[in-house]
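Text of my_file26.tsv, listed as TSV, C-alpha atoms and all ligand atoms:
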```
chain	number	residue	atom	x	y	z
A	278	MET	CA	-16.84	-27.33	15.63
A	279	GLN	CA	-18.05	-23.85	16.72
A	280	GLY	CA	-14.86	-23.38	18.77
A	281	ASN	CA	-12.77	-24.43	15.78
A	282	GLN	CA	-14.55	-21.90	13.53
A	283	ASN	CA	-14.01	-19.15	16.09
A	284	LEU	CA	-10.32	-20.07	16.11
A	285	GLN	CA	-10.23	-19.78	12.29
A	286	VAL	CA	-11.92	-16.39	12.38
A	287	ARG	CA	-9.50	-15.18	15.08
A	288	LEU	CA	-6.59	-16.52	13.01
A	289	LEU	CA	-7.82	-14.71	9.88
A	290	ALA	CA	-8.44	-11.51	11.85
A	291	LYS	CA	-4.93	-11.73	13.32
A	292	THR	CA	-3.45	-12.30	9.87
A	293	LEU	CA	-5.29	-9.36	8.34
A	294	THR	CA	-4.58	-7.03	11.24
A	295	THR	CA	-0.88	-7.84	10.84
A	296	VAL	CA	-0.64	-7.71	7.06
A	297	VAL	CA	-2.89	-4.74	6.22
A	298	PRO	CA	-1.20	-2.16	8.53
A	299	PHE	CA	2.16	-3.48	7.30
A	300	LEU	CA	1.12	-2.78	3.69
A	301	LEU	CA	-0.22	0.66	4.59
A	302	LEU	CA	3.00	1.54	6.41
A	303	ALA	CA	5.14	0.22	3.57
A	304	ALA	CA	3.25	2.16	0.87
A	305	PRO	CA	4.63	5.65	1.67
A	306	LEU	CA	8.15	4.24	2.01
A	307	TRP	CA	7.89	2.80	-1.46
A	308	ALA	CA	6.38	6.03	-2.75
A	309	GLN	CA	9.54	7.83	-1.57
A	310	GLY	CA	11.61	5.33	-3.53
A	311	ALA	CA	10.30	6.72	-6.83
A	312	GLY	CA	12.94	8.11	-9.10
A	313	ALA	CA	15.39	5.24	-9.31
A	314	ARG	CA	16.32	5.08	-12.97
A	315	ARG	CA	18.80	2.23	-13.42
A	316	PRO	CA	17.33	-1.26	-13.94
A	317	PRO	CA	17.19	-3.18	-10.64
A	318	GLY	CA	19.48	-6.16	-10.04
A	319	PHE	CA	18.51	-9.80	-9.45
A	320	LEU	CA	17.97	-9.49	-5.67
A	321	GLU	CA	16.64	-5.91	-5.82
A	322	ILE	CA	13.69	-7.27	-7.82
A	323	TRP	CA	12.76	-9.34	-4.78
A	324	LEU	CA	12.26	-6.00	-2.97
A	325	LEU	CA	9.45	-5.15	-5.38
A	326	PRO	CA	6.27	-5.06	-3.29
A	327	ARG	CA	4.51	-7.78	-5.23
A	328	VAL	CA	7.40	-10.19	-4.72
A	329	TRP	CA	7.72	-9.79	-0.95
A	330	VAL	CA	3.97	-9.35	-0.40
A	331	GLY	CA	3.54	-12.55	-2.46
A	332	ALA	CA	6.12	-14.28	-0.27
A	333	ILE	CA	4.22	-13.15	2.86
A	334	PHE	CA	0.97	-14.58	1.50
A	335	CYS	CA	2.71	-17.86	0.64
A	336	LEU	CA	4.13	-17.99	4.16
A	337	ILE	CA	0.66	-17.41	5.63
A	338	GLY	CA	-0.67	-20.20	3.40
A	339	LEU	CA	2.15	-22.52	4.44
A	340	VAL	CA	1.53	-21.94	8.17
A	341	LEU	CA	-2.25	-22.33	7.87
A	342	LEU	CA	-1.90	-25.52	5.82
A	343	MET	CA	0.70	-27.06	8.13
A	344	ARG	CA	-1.61	-26.37	11.08
A	345	SER	CA	-4.52	-27.94	9.13
A	346	SER	CA	-6.37	-24.66	9.74
A	347	VAL	CA	-7.72	-23.93	6.26
A	348	THR	CA	-11.52	-24.21	6.33
A	349	ARG	CA	-13.87	-23.65	3.41
A	350	ASN	CA	-14.89	-20.19	4.66
A	351	LEU	CA	-11.38	-19.11	5.53
A	352	ARG	CA	-10.19	-20.21	2.09
A	353	LEU	CA	-12.95	-18.20	0.38
A	354	ALA	CA	-12.03	-15.12	2.43
A	355	MET	CA	-8.37	-15.57	1.48
A	356	LEU	CA	-9.26	-15.94	-2.22
A	357	VAL	CA	-11.04	-12.58	-2.10
A	358	VAL	CA	-8.07	-10.99	-0.28
A	359	ILE	CA	-5.58	-12.50	-2.79
A	360	PHE	CA	-7.58	-11.15	-5.73
A	361	PHE	CA	-7.83	-7.74	-4.10
A	362	VAL	CA	-4.15	-7.46	-3.11
A	363	PHE	CA	-2.60	-8.83	-6.31
A	364	GLY	CA	-5.25	-7.69	-8.80
A	365	ILE	CA	-6.65	-4.39	-7.55
A	366	VAL	CA	-4.13	-2.70	-5.20
A	367	SER	CA	-2.04	-1.69	-8.25
A	368	ILE	CA	-4.73	0.81	-9.34
A	369	LEU	CA	-5.19	2.37	-5.90
A	370	PRO	CA	-3.57	5.78	-5.20
A	371	LEU	CA	-0.60	4.29	-3.32
A	372	GLY	CA	2.19	5.73	-5.46
A	373	GLN	CA	5.31	3.65	-6.01
A	374	PHE	CA	3.96	0.86	-3.82
A	375	ALA	CA	0.93	0.44	-6.11
A	376	ARG	CA	3.18	0.43	-9.19
A	377	GLY	CA	5.28	-2.27	-7.53
A	378	MET	CA	2.14	-4.35	-7.06
A	379	SER	CA	1.26	-4.36	-10.78
A	380	VAL	CA	1.04	-7.70	-12.56
A	381	HIS	CA	3.98	-6.86	-14.79
A	382	PRO	CA	5.59	-8.99	-16.03
A	383	SER	CA	2.61	-11.33	-15.71
A	384	PRO	CA	3.17	-14.97	-14.72
A	385	ILE	CA	2.64	-15.92	-18.38
A	386	CYS	CA	5.09	-13.26	-19.63
A	387	THR	CA	7.63	-14.45	-17.05
A	388	MET	CA	7.63	-17.83	-18.78
A	389	THR	CA	7.34	-16.67	-22.39
A	390	ARG	CA	9.11	-13.33	-22.91
A	391	PRO	CA	12.59	-14.81	-22.25
A	392	PHE	CA	12.15	-17.02	-25.34
A	393	GLN	CA	11.13	-13.98	-27.38
A	394	PHE	CA	14.28	-12.15	-26.24
A	395	MET	CA	16.36	-15.21	-27.13
A	396	ASN	CA	14.74	-15.41	-30.57
A	397	ALA	CA	15.55	-11.72	-31.12
A	398	GLY	CA	19.19	-12.39	-30.15
A	399	ARG	CA	18.93	-10.12	-27.11
A	400	ALA	CA	19.89	-10.72	-23.47
A	401	VAL	CA	17.00	-11.83	-21.25
A	402	PRO	CA	16.25	-9.00	-18.76
A	403	VAL	CA	17.06	-10.04	-15.21
A	404	VAL	CA	13.51	-9.29	-14.00
A	405	PHE	CA	12.17	-12.42	-15.75
A	406	ILE	CA	14.86	-14.65	-14.31
A	407	SER	CA	14.54	-13.19	-10.83
A	408	ILE	CA	10.74	-13.62	-10.69
A	409	ALA	CA	10.90	-17.14	-12.16
A	410	VAL	CA	13.50	-18.10	-9.53
A	411	SER	CA	11.35	-16.65	-6.71
A	412	VAL	CA	8.33	-18.69	-7.87
A	413	ALA	CA	10.53	-21.78	-8.24
A	414	LEU	CA	11.86	-21.40	-4.68
A	415	LEU	CA	8.35	-20.99	-3.25
A	416	THR	CA	7.25	-24.11	-5.14
A	417	ILE	CA	10.20	-26.15	-3.95
A	418	VAL	CA	9.53	-25.08	-0.36
A	419	GLY	CA	5.80	-25.68	-0.27
A	420	ASN	CA	4.12	-27.05	-3.37
A	421	LYS	CA	2.07	-24.64	-5.49
A	422	LEU	CA	2.11	-21.92	-2.84
A	423	PHE	CA	2.51	-19.19	-5.45
A	424	CYS	CA	-0.37	-20.44	-7.65
A	425	GLY	CA	-2.61	-21.13	-4.66
A	426	TRP	CA	-1.84	-18.16	-2.43
A	427	ALA	CA	-0.55	-15.28	-4.59
A	428	CYS	CA	-2.04	-15.56	-8.08
A	429	PRO	CA	-5.11	-13.35	-8.69
A	430	ILE	CA	-6.29	-15.30	-11.75
A	431	GLY	CA	-6.04	-18.57	-9.84
A	432	ALA	CA	-7.87	-17.05	-6.87
A	433	ILE	CA	-10.79	-15.65	-8.84
A	434	GLN	CA	-11.24	-18.91	-10.79
A	435	GLU	CA	-11.27	-20.90	-7.54
A	436	ALA	CA	-13.78	-18.44	-6.04
A	437	PHE	CA	-16.03	-18.85	-9.11
A	438	HIS	CA	-15.86	-22.62	-8.67
A	439	ARG	CA	-17.73	-22.07	-5.39
A	440	ILE	CA	-20.81	-20.83	-7.29
A	441	PRO	CA	-23.39	-23.51	-6.57
A	442	VAL	CA	-24.63	-25.44	-9.61
A	443	SER	CA	-25.86	-29.02	-9.89
A	444	LYS	CA	-23.13	-31.46	-8.78
A	445	ARG	CA	-23.49	-33.26	-12.13
A	446	LEU	CA	-22.23	-30.11	-13.86
A	447	LYS	CA	-19.03	-29.93	-11.77
A	448	VAL	CA	-16.55	-31.80	-13.96
A	449	LYS	CA	-13.12	-33.20	-13.09
A	450	LEU	CA	-11.35	-33.57	-16.43
A	451	PRO	CA	-8.76	-36.39	-16.56
A	452	PHE	CA	-5.36	-34.92	-15.80
A	453	TRP	CA	-3.67	-36.64	-18.76
A	454	ILE	CA	-6.00	-34.71	-21.08
A	455	THR	CA	-5.62	-31.28	-19.42
A	456	ASN	CA	-1.88	-31.65	-19.02
A	457	SER	CA	-1.44	-32.84	-22.62
A	458	ILE	CA	-3.28	-29.72	-23.82
A	459	ARG	CA	-1.10	-27.52	-21.59
A	460	VAL	CA	2.10	-29.18	-22.86
A	461	ILE	CA	0.99	-29.06	-26.53
A	462	LEU	CA	0.20	-25.34	-26.19
A	463	PHE	CA	3.69	-24.73	-24.80
A	464	VAL	CA	5.34	-26.72	-27.61
A	465	VAL	CA	3.29	-24.78	-30.20
A	466	PHE	CA	4.36	-21.57	-28.45
A	467	LEU	CA	8.04	-22.57	-28.77
A	468	VAL	CA	7.68	-23.43	-32.47
A	469	VAL	CA	5.86	-20.16	-33.21
A	470	VAL	CA	8.20	-17.99	-31.14
A	471	PHE	CA	11.31	-19.36	-32.84
A	472	SER	CA	9.77	-19.07	-36.31
A	473	LEU	CA	7.63	-15.91	-36.15
A	474	GLY	CA	8.86	-14.27	-32.93
A	475	THR	CA	5.35	-13.88	-31.51
A	476	SER	CA	3.75	-15.46	-28.45
A	477	ILE	CA	0.49	-17.37	-28.96
A	478	TYR	CA	-0.32	-16.73	-25.27
A	479	ASP	CA	-0.74	-13.02	-26.04
A	480	TYR	CA	-4.06	-13.92	-27.66
A	481	PHE	CA	-5.49	-15.43	-24.47
A	482	ASN	CA	-3.58	-13.98	-21.53
A	483	PRO	CA	-6.15	-13.05	-18.83
A	484	PHE	CA	-3.40	-11.40	-16.73
A	485	HIS	CA	-3.41	-8.54	-19.26
A	486	PHE	CA	-6.85	-7.68	-17.85
A	487	PHE	CA	-4.93	-6.18	-14.91
A	488	HIS	CA	-3.64	-3.43	-17.18
A	489	TRP	CA	-7.23	-2.25	-16.68
A	490	SER	CA	-7.51	-0.98	-20.25
A	491	PHE	CA	-10.42	-3.37	-20.96
A	492	GLU	CA	-9.05	-4.65	-24.27
A	493	LEU	CA	-11.14	-7.30	-25.97
A	494	LEU	CA	-8.76	-10.30	-25.87
A	495	PRO	CA	-7.84	-10.21	-22.15
A	496	VAL	CA	-11.45	-9.52	-21.16
A	497	ALA	CA	-12.63	-12.45	-23.32
A	498	ALA	CA	-9.90	-14.73	-21.91
A	499	LEU	CA	-10.85	-13.85	-18.33
A	500	LEU	CA	-14.57	-14.31	-18.98
A	501	VAL	CA	-14.01	-17.74	-20.58
A	502	ALA	CA	-11.80	-18.78	-17.62
A	503	LEU	CA	-14.42	-17.61	-15.11
A	504	VAL	CA	-17.43	-19.21	-16.83
A	505	ALA	CA	-15.50	-22.47	-17.32
A	506	GLY	CA	-14.29	-22.11	-13.73
A	507	VAL	CA	-17.82	-22.49	-12.40
A	508	PHE	CA	-17.83	-26.07	-13.74
A	509	ILE	CA	-14.12	-27.01	-13.77
A	510	PHE	CA	-11.63	-26.31	-10.98
A	511	ARG	CA	-9.09	-23.70	-12.15
A	512	PRO	CA	-9.45	-24.48	-15.89
A	513	PHE	CA	-6.91	-21.88	-17.01
A	514	CYS	CA	-4.28	-23.26	-14.59
A	515	TYR	CA	-4.70	-26.91	-15.66
A	516	LEU	CA	-5.29	-26.36	-19.39
A	517	VAL	CA	-3.28	-23.32	-20.42
A	518	CYS	CA	-0.95	-21.56	-17.97
A	519	PRO	CA	2.76	-22.07	-18.79
A	520	LEU	CA	3.69	-20.97	-15.26
A	521	GLY	CA	1.27	-23.63	-13.99
A	522	LEU	CA	3.17	-26.15	-16.12
A	523	PHE	CA	6.50	-24.91	-14.73
A	524	THR	CA	5.31	-25.16	-11.11
A	525	TRP	CA	3.73	-28.59	-11.76
A	526	VAL	CA	7.15	-29.89	-12.86
A	527	LEU	CA	8.77	-28.33	-9.76
A	528	GLU	CA	6.07	-29.75	-7.46
A	529	HIS	CA	7.90	-33.05	-7.82
A	530	LEU	CA	10.73	-31.50	-5.75
A	531	SER	CA	8.50	-29.85	-3.13
A	532	LEU	CA	9.68	-30.31	0.45
A	533	VAL	CA	6.25	-29.76	2.01
A	534	ARG	CA	3.12	-31.12	0.30
A	535	VAL	CA	-0.12	-32.97	1.04
A	536	LYS	CA	0.67	-36.44	2.36
A	537	VAL	CA	-1.51	-39.30	3.64
A	538	LYS	CA	-0.96	-41.21	6.88
A	539	LYS	CA	-1.66	-44.70	5.59
A	540	ASP	CA	-2.38	-46.19	9.00
A	541	ALA	CA	-5.05	-43.56	9.73
A	542	CYS	CA	-6.76	-43.70	6.33
A	543	THR	CA	-9.89	-45.91	6.20
A	544	GLU	CA	-10.18	-45.56	2.40
A	545	CYS	CA	-13.59	-43.94	2.73
A	546	ASN	CA	-12.80	-41.70	-0.28
A	547	VAL	CA	-14.54	-38.66	1.26
A	548	CYS	CA	-11.50	-36.58	0.29
A	549	ILE	CA	-11.78	-37.64	-3.35
A	550	LYS	CA	-15.49	-36.85	-3.47
A	551	LYS	CA	-15.29	-33.49	-1.71
A	552	SER	CA	-12.07	-32.09	-3.19
A	553	PRO	CA	-12.32	-30.03	-6.36
A	554	CYS	CA	-8.97	-31.08	-7.87
A	555	PRO	CA	-7.85	-34.28	-9.65
A	556	ALA	CA	-4.79	-34.76	-7.39
A	557	VAL	CA	-6.25	-36.63	-4.41
A	558	PRO	CA	-6.37	-40.22	-5.81
A	559	ALA	CA	-2.65	-40.00	-6.66
A	560	ILE	CA	-1.91	-38.66	-3.15
A	561	LEU	CA	-3.77	-41.57	-1.54
A	562	GLU	CA	-1.85	-44.03	-3.70
A	563	GLY	CA	1.38	-42.33	-2.62
A	564	ARG	CA	2.44	-41.66	-6.20
A	565	ARG	CA	5.39	-39.33	-6.47
A	566	SER	CA	4.06	-37.84	-9.71
A	567	ARG	CA	0.57	-36.48	-9.43
A	568	PRO	CA	-1.69	-33.77	-10.88
A	569	ASP	CA	-1.21	-30.17	-9.75
A	570	CYS	CA	-2.15	-29.51	-6.12
A	571	HIS	CA	-3.00	-25.84	-5.66
A	572	ALA	CA	-2.63	-26.06	-1.88
A	573	CYS	CA	-6.27	-25.15	-1.22
A	574	GLY	CA	-6.46	-27.33	1.90
A	575	ARG	CA	-9.88	-28.83	1.08
A	576	CYS	CA	-8.85	-32.51	1.23
A	577	ILE	CA	-7.14	-31.92	4.57
A	578	GLU	CA	-10.25	-30.25	5.99
A	579	VAL	CA	-12.76	-32.92	4.93
A	580	CYS	CA	-10.88	-36.07	5.98
A	581	PRO	CA	-12.83	-37.46	8.96
A	582	GLU	CA	-9.79	-39.44	10.16
A	583	ASP	CA	-7.29	-36.57	10.11
A	584	ALA	CA	-5.21	-38.70	7.75
A	585	LEU	CA	-4.14	-35.93	5.35
A	586	HIS	CA	-1.53	-33.34	6.28
A	587	PHE	CA	0.52	-30.66	4.58
A	588	ARG	CA	3.93	-31.70	5.79
A	589	VAL	CA	7.48	-32.68	4.93
B	1	LIG	S1	-11.02	-38.89	3.60
B	1	LIG	FE1	-9.25	-39.45	4.90
B	1	LIG	S2	-9.74	-41.54	5.57
B	1	LIG	FE2	-11.09	-41.12	3.81
B	1	LIG	S3	-9.91	-41.89	2.02
B	1	LIG	FE3	-9.40	-39.71	2.25
B	1	LIG	S4	-7.51	-39.71	3.49
B	1	LIG	FE4	-8.45	-41.74	3.74
B	2	LIG	S1	-4.83	-32.08	-3.26
B	2	LIG	FE1	-6.51	-30.89	-4.16
B	2	LIG	S2	-7.96	-30.56	-2.47
B	2	LIG	FE2	-6.01	-31.20	-1.55
B	2	LIG	S3	-4.94	-29.26	-1.08
B	2	LIG	FE3	-4.25	-29.91	-3.12
B	2	LIG	S4	-5.62	-28.83	-4.54
B	2	LIG	FE4	-6.61	-28.75	-2.52
```
Represent the structure of the file as structure tokens.
Amino acid sequence: MQGNQNLQVRLLAKTLTTVVPFLLLAAPLWAQGAGARRPPGFLEIWLLPRVWVGAIFCLIGLVLLMRSSVTRNLRLAMLVVIFFVFGIVSILPLGQFARGMSVHPSPICTMTRPFQFMNAGRAVPVVFISIAVSVALLTIVGNKLFCGWACPIGAIQEAFHRIPVSKRLKVKLPFWITNSIRVILFVVFLVVVFSLGTSIYDYFNPFHFFHWSFELLPVAALLVALVAGVFIFRPFCYLVCPLGLFTWVLEHLSLVRVKVKKDACTECNVCIKKSPCPAVPAILEGRRSRPDCHACGRCIEVCPEDALHFRV
């Protein structure tokens, strides 16, 4: 066990010593790129730092999960790093690189602004389509890699869920209830956007916190998500986020995802008890459709029979 933990620490150290210098080297190059005035094209948007840095984090997550190397401590360390890189780097003095790391458009805006443009009779800017396609590709490759390994709001909620409170207070809401609320919100959004032109999500979009202007609504939305997150795993993702809904639909096409080796499983249900999400029972039953899996690796780590794997 000790040897395994040392291996995890070495793996994390290796990852950070590769990624951090890469980011530091890339920052001045991006700073020099300032001054481009024309709107970037579809593929040029993938050269924005937050897109390719996000892809690197998803790749790291994919490799760690496929090697069954994600431990509880490693995951917590990664959550802190994800929040720092995708939530805070944008306000550091790193010039164009920092601007390219800003949460703009936010995951929620990526899903909602196109409908507002359509309602206004205007062309949808390519940035929304390009970012949505990049998230879709990551999801099709490896489950909710984007939500689990590159979203700062997801990361900080998951980190808050680690705050120890009585087990009786940690609630797993039935997925049909949380998903119905998420779908109803999106339908209401569509009705409102095509009648009034406004987005209901603008009233509770915690990603707007990363504008760092400390406006009341985003601060309140983030605080509610974090307090609820102590008791419920990723409440904003399961109950509200339209990008979470989008990636949940696409999860059904994912090439790599958590799978159970039936002949190794002793049906001890340790994975169900120790995992924070509502997805594990459906995975054990081999259902194709299942609740969102945020690729946290917990069920894989706790299985005493090594019956769960993140694989094709
Ligand atoms: S912990 Fe492993 S052996 Fe036990 S039910 Fe889950 S997959 Fe099966
Ligand atoms: S099924 Fe749940 S516990 Fe397992 S990796 Fe996905 S989110 Fe984590």
Among the residues A:Val347, A:Pro568, A:His485, A:Phe471, the one that comes closest to A:Trp453 [using only C-alpha atoms]: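 Selected residue with least distance to A:Trp453: A:Pro568.
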Check the smallest atom-to-atom distance from each of A:Ile337, A:Lys449, A:Leu467, A:Leu520 to ligand LIG 2 (chain B) using only C-alpha atoms and all ligand atoms, then report the winner.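 Looking only at the distances to ligand LIG 2 (chain B), the closest residue turns out to be A:Lys449.
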Set the cut-off to 7 Å, count all atoms listed in the file, and list whatever residues fall near ligand LIG 2 (chain B) as a list of chain:residue names.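 The residues near ligand LIG 2 (chain B) are A:Val535, A:Ser552, A:Pro553, A:Cys554, A:Pro555, A:Ala556, A:Val557, A:Asp569, A:Cys570, A:His571, A:Ala572, A:Cys573, A:Gly574, A:Arg575, A:Cys576, A:Ile577.
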Using all atoms listed in the file, determine which residues fall within 10 Å of ligand LIG 1 (chain B), then list them as a PyMOL selection string. chain A and resi 536-552+557-558+560-561+576-586
Rank A:Phe374, A:Phe452, A:Phe466, A:Phe484 by their smallest atom-to-atom distance to A:Ile430, using all atoms listed in the file, and report the top residue only.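 The answer is A:Phe484, which sits nearest to A:Ile430.
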Determine, using all atoms listed in the file, which residues of stretch 336-412 of chain A have any atom at most 12 Å from an atom of stretch 528-533 of chain A, and tabulate each with its shortest atom pair and distance in Å to one decimal place, rows ordered by chain and then rising number, as a Markdown table.
```
| residue | atom | partner | partner_atom | distance |
| --- | --- | --- | --- | --- |
| A:Gly338 | CA | A:Val533 | CA | 11.9 |
| A:Leu339 | CA | A:Val533 | CA | 8.7 |
| A:Val340 | CA | A:Val533 | CA | 11.0 |
| A:Leu342 | CA | A:Val533 | CA | 9.9 |
| A:Met343 | CA | A:Val533 | CA | 8.7 |
| A:Val412 | CA | A:Glu528 | CA | 11.3 |
```
Report the distance between atom CA of A:Leu500 and atom CA of A:Gly474 in Å, rounded to one decimal place.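 Taking atom CA of A:Leu500 and atom CA of A:Gly474, their separation equals 27.3 Å.
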Do you know which residues lie at most 7 Å from (4.1, -2.0, -4.1), with coordinates as in the file and only C-alpha atoms counted, and could you write them as a ChimeraX atom specification? /A:304,307,325-327,373-378
Pick out the residues sitting within 9 Å of A:Leu527, and hand them over as a PyMOL selection string; count all atoms listed in the file, and ignore anything fewer than 4 positions along from it in its own chain. chain A and resi 413+416-417+420-421+522-523+531
Among the residues A:Phe423, A:Phe513, A:Phe508, A:Tyr478, the one that comes closest to A:Cys335 [using all atoms listed in the file]: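 Nearest candidate to A:Cys335 out of A:Phe423, A:Phe513, A:Phe508, A:Tyr478: A:Phe423.
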Nearest to A:Val403 by atom-to-atom distance, counting all atoms listed in the file, from A:Val442, A:Met388, A:Ile322, A:Leu493: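 Closest residue, counting all atoms listed in the file: A:Ile322.
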Need the neighbours of (0.3, -6.4, -17.9): which residues are at most 7 Å away, counting only C-alpha atoms, as a list in words?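 It turns out the residues near that spot are Val380, His381, Pro382, Ser383, Phe484, His485, Phe487 and His488 of chain A.
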Identify which of the residues A:Phe334, A:Phe437, A:Tyr480, A:Trp525 lies closest to A:Val507, counting all atoms listed in the file when measuring atom-to-atom distances.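 The closest residue to A:Val507 is A:Phe437.
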May I ask for the distance between atom CA of A:Pro384 and atom CA of A:Leu494, given in Å to one decimal place? 17.0 Å
Point-to-point distance in Å for atom CA of A:Val517 and atom CA of A:Asn456: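 Interatomic distance here is 8.6 Å.
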Assuming the input is short of atoms at stretch 322-346 of chain A, produce N, CA and C atoms for that part as a compact mmCIF listing (two decimals), in the frame of the given file.
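The file below, out.txt, is the result:
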```
# COMPACT_ATOMS: atom_id res chain seq x y z
N ILE A 322 15.05 -7.00 -7.31
CA ILE A 322 13.69 -7.27 -7.82
C ILE A 322 12.85 -7.95 -6.74
N TRP A 323 13.52 -8.70 -5.86
CA TRP A 323 12.76 -9.34 -4.78
C TRP A 323 12.26 -8.31 -3.77
N LEU A 324 12.77 -7.07 -3.85
CA LEU A 324 12.26 -6.00 -2.97
C LEU A 324 11.04 -5.31 -3.57
N LEU A 325 10.69 -5.69 -4.82
CA LEU A 325 9.45 -5.15 -5.38
C LEU A 325 8.30 -5.59 -4.49
N PRO A 326 7.36 -4.68 -4.20
CA PRO A 326 6.27 -5.06 -3.29
C PRO A 326 5.58 -6.37 -3.65
N ARG A 327 5.31 -6.58 -4.95
CA ARG A 327 4.51 -7.78 -5.23
C ARG A 327 5.28 -9.07 -4.99
N VAL A 328 6.63 -8.99 -5.00
CA VAL A 328 7.40 -10.19 -4.72
C VAL A 328 7.37 -10.49 -3.22
N TRP A 329 7.69 -9.46 -2.39
CA TRP A 329 7.72 -9.79 -0.95
C TRP A 329 6.32 -9.90 -0.35
N VAL A 330 5.35 -9.15 -0.90
CA VAL A 330 3.97 -9.35 -0.40
C VAL A 330 3.51 -10.76 -0.81
N GLY A 331 3.87 -11.18 -2.02
CA GLY A 331 3.54 -12.55 -2.46
C GLY A 331 4.17 -13.58 -1.54
N ALA A 332 5.43 -13.34 -1.16
CA ALA A 332 6.12 -14.28 -0.27
C ALA A 332 5.42 -14.33 1.10
N ILE A 333 4.94 -13.17 1.57
CA ILE A 333 4.22 -13.15 2.86
C ILE A 333 2.94 -13.98 2.76
N PHE A 334 2.21 -13.80 1.66
CA PHE A 334 0.97 -14.58 1.50
C PHE A 334 1.27 -16.09 1.42
N CYS A 335 2.35 -16.43 0.73
CA CYS A 335 2.71 -17.86 0.64
C CYS A 335 3.08 -18.40 2.02
N LEU A 336 3.76 -17.57 2.80
CA LEU A 336 4.13 -17.99 4.16
C LEU A 336 2.87 -18.20 5.01
N ILE A 337 1.93 -17.26 4.89
CA ILE A 337 0.66 -17.41 5.63
C ILE A 337 -0.02 -18.72 5.22
N GLY A 338 -0.05 -18.96 3.89
CA GLY A 338 -0.67 -20.20 3.40
C GLY A 338 0.03 -21.42 3.97
N LEU A 339 1.36 -21.38 3.96
CA LEU A 339 2.15 -22.52 4.44
C LEU A 339 1.83 -22.82 5.92
N VAL A 340 1.79 -21.74 6.73
CA VAL A 340 1.53 -21.94 8.17
C VAL A 340 0.12 -22.48 8.38
N LEU A 341 -0.86 -21.88 7.70
CA LEU A 341 -2.25 -22.33 7.87
C LEU A 341 -2.41 -23.79 7.44
N LEU A 342 -1.77 -24.14 6.32
CA LEU A 342 -1.90 -25.52 5.82
C LEU A 342 -1.21 -26.51 6.76
N MET A 343 -0.03 -26.13 7.26
CA MET A 343 0.70 -27.06 8.13
C MET A 343 -0.02 -27.24 9.46
N ARG A 344 -0.82 -26.23 9.84
CA ARG A 344 -1.61 -26.37 11.08
C ARG A 344 -2.98 -26.98 10.81
N SER A 345 -3.21 -27.40 9.55
CA SER A 345 -4.52 -27.94 9.13
C SER A 345 -5.65 -26.98 9.50
N SER A 346 -5.41 -25.68 9.30
CA SER A 346 -6.37 -24.66 9.74
C SER A 346 -7.18 -24.05 8.61
```
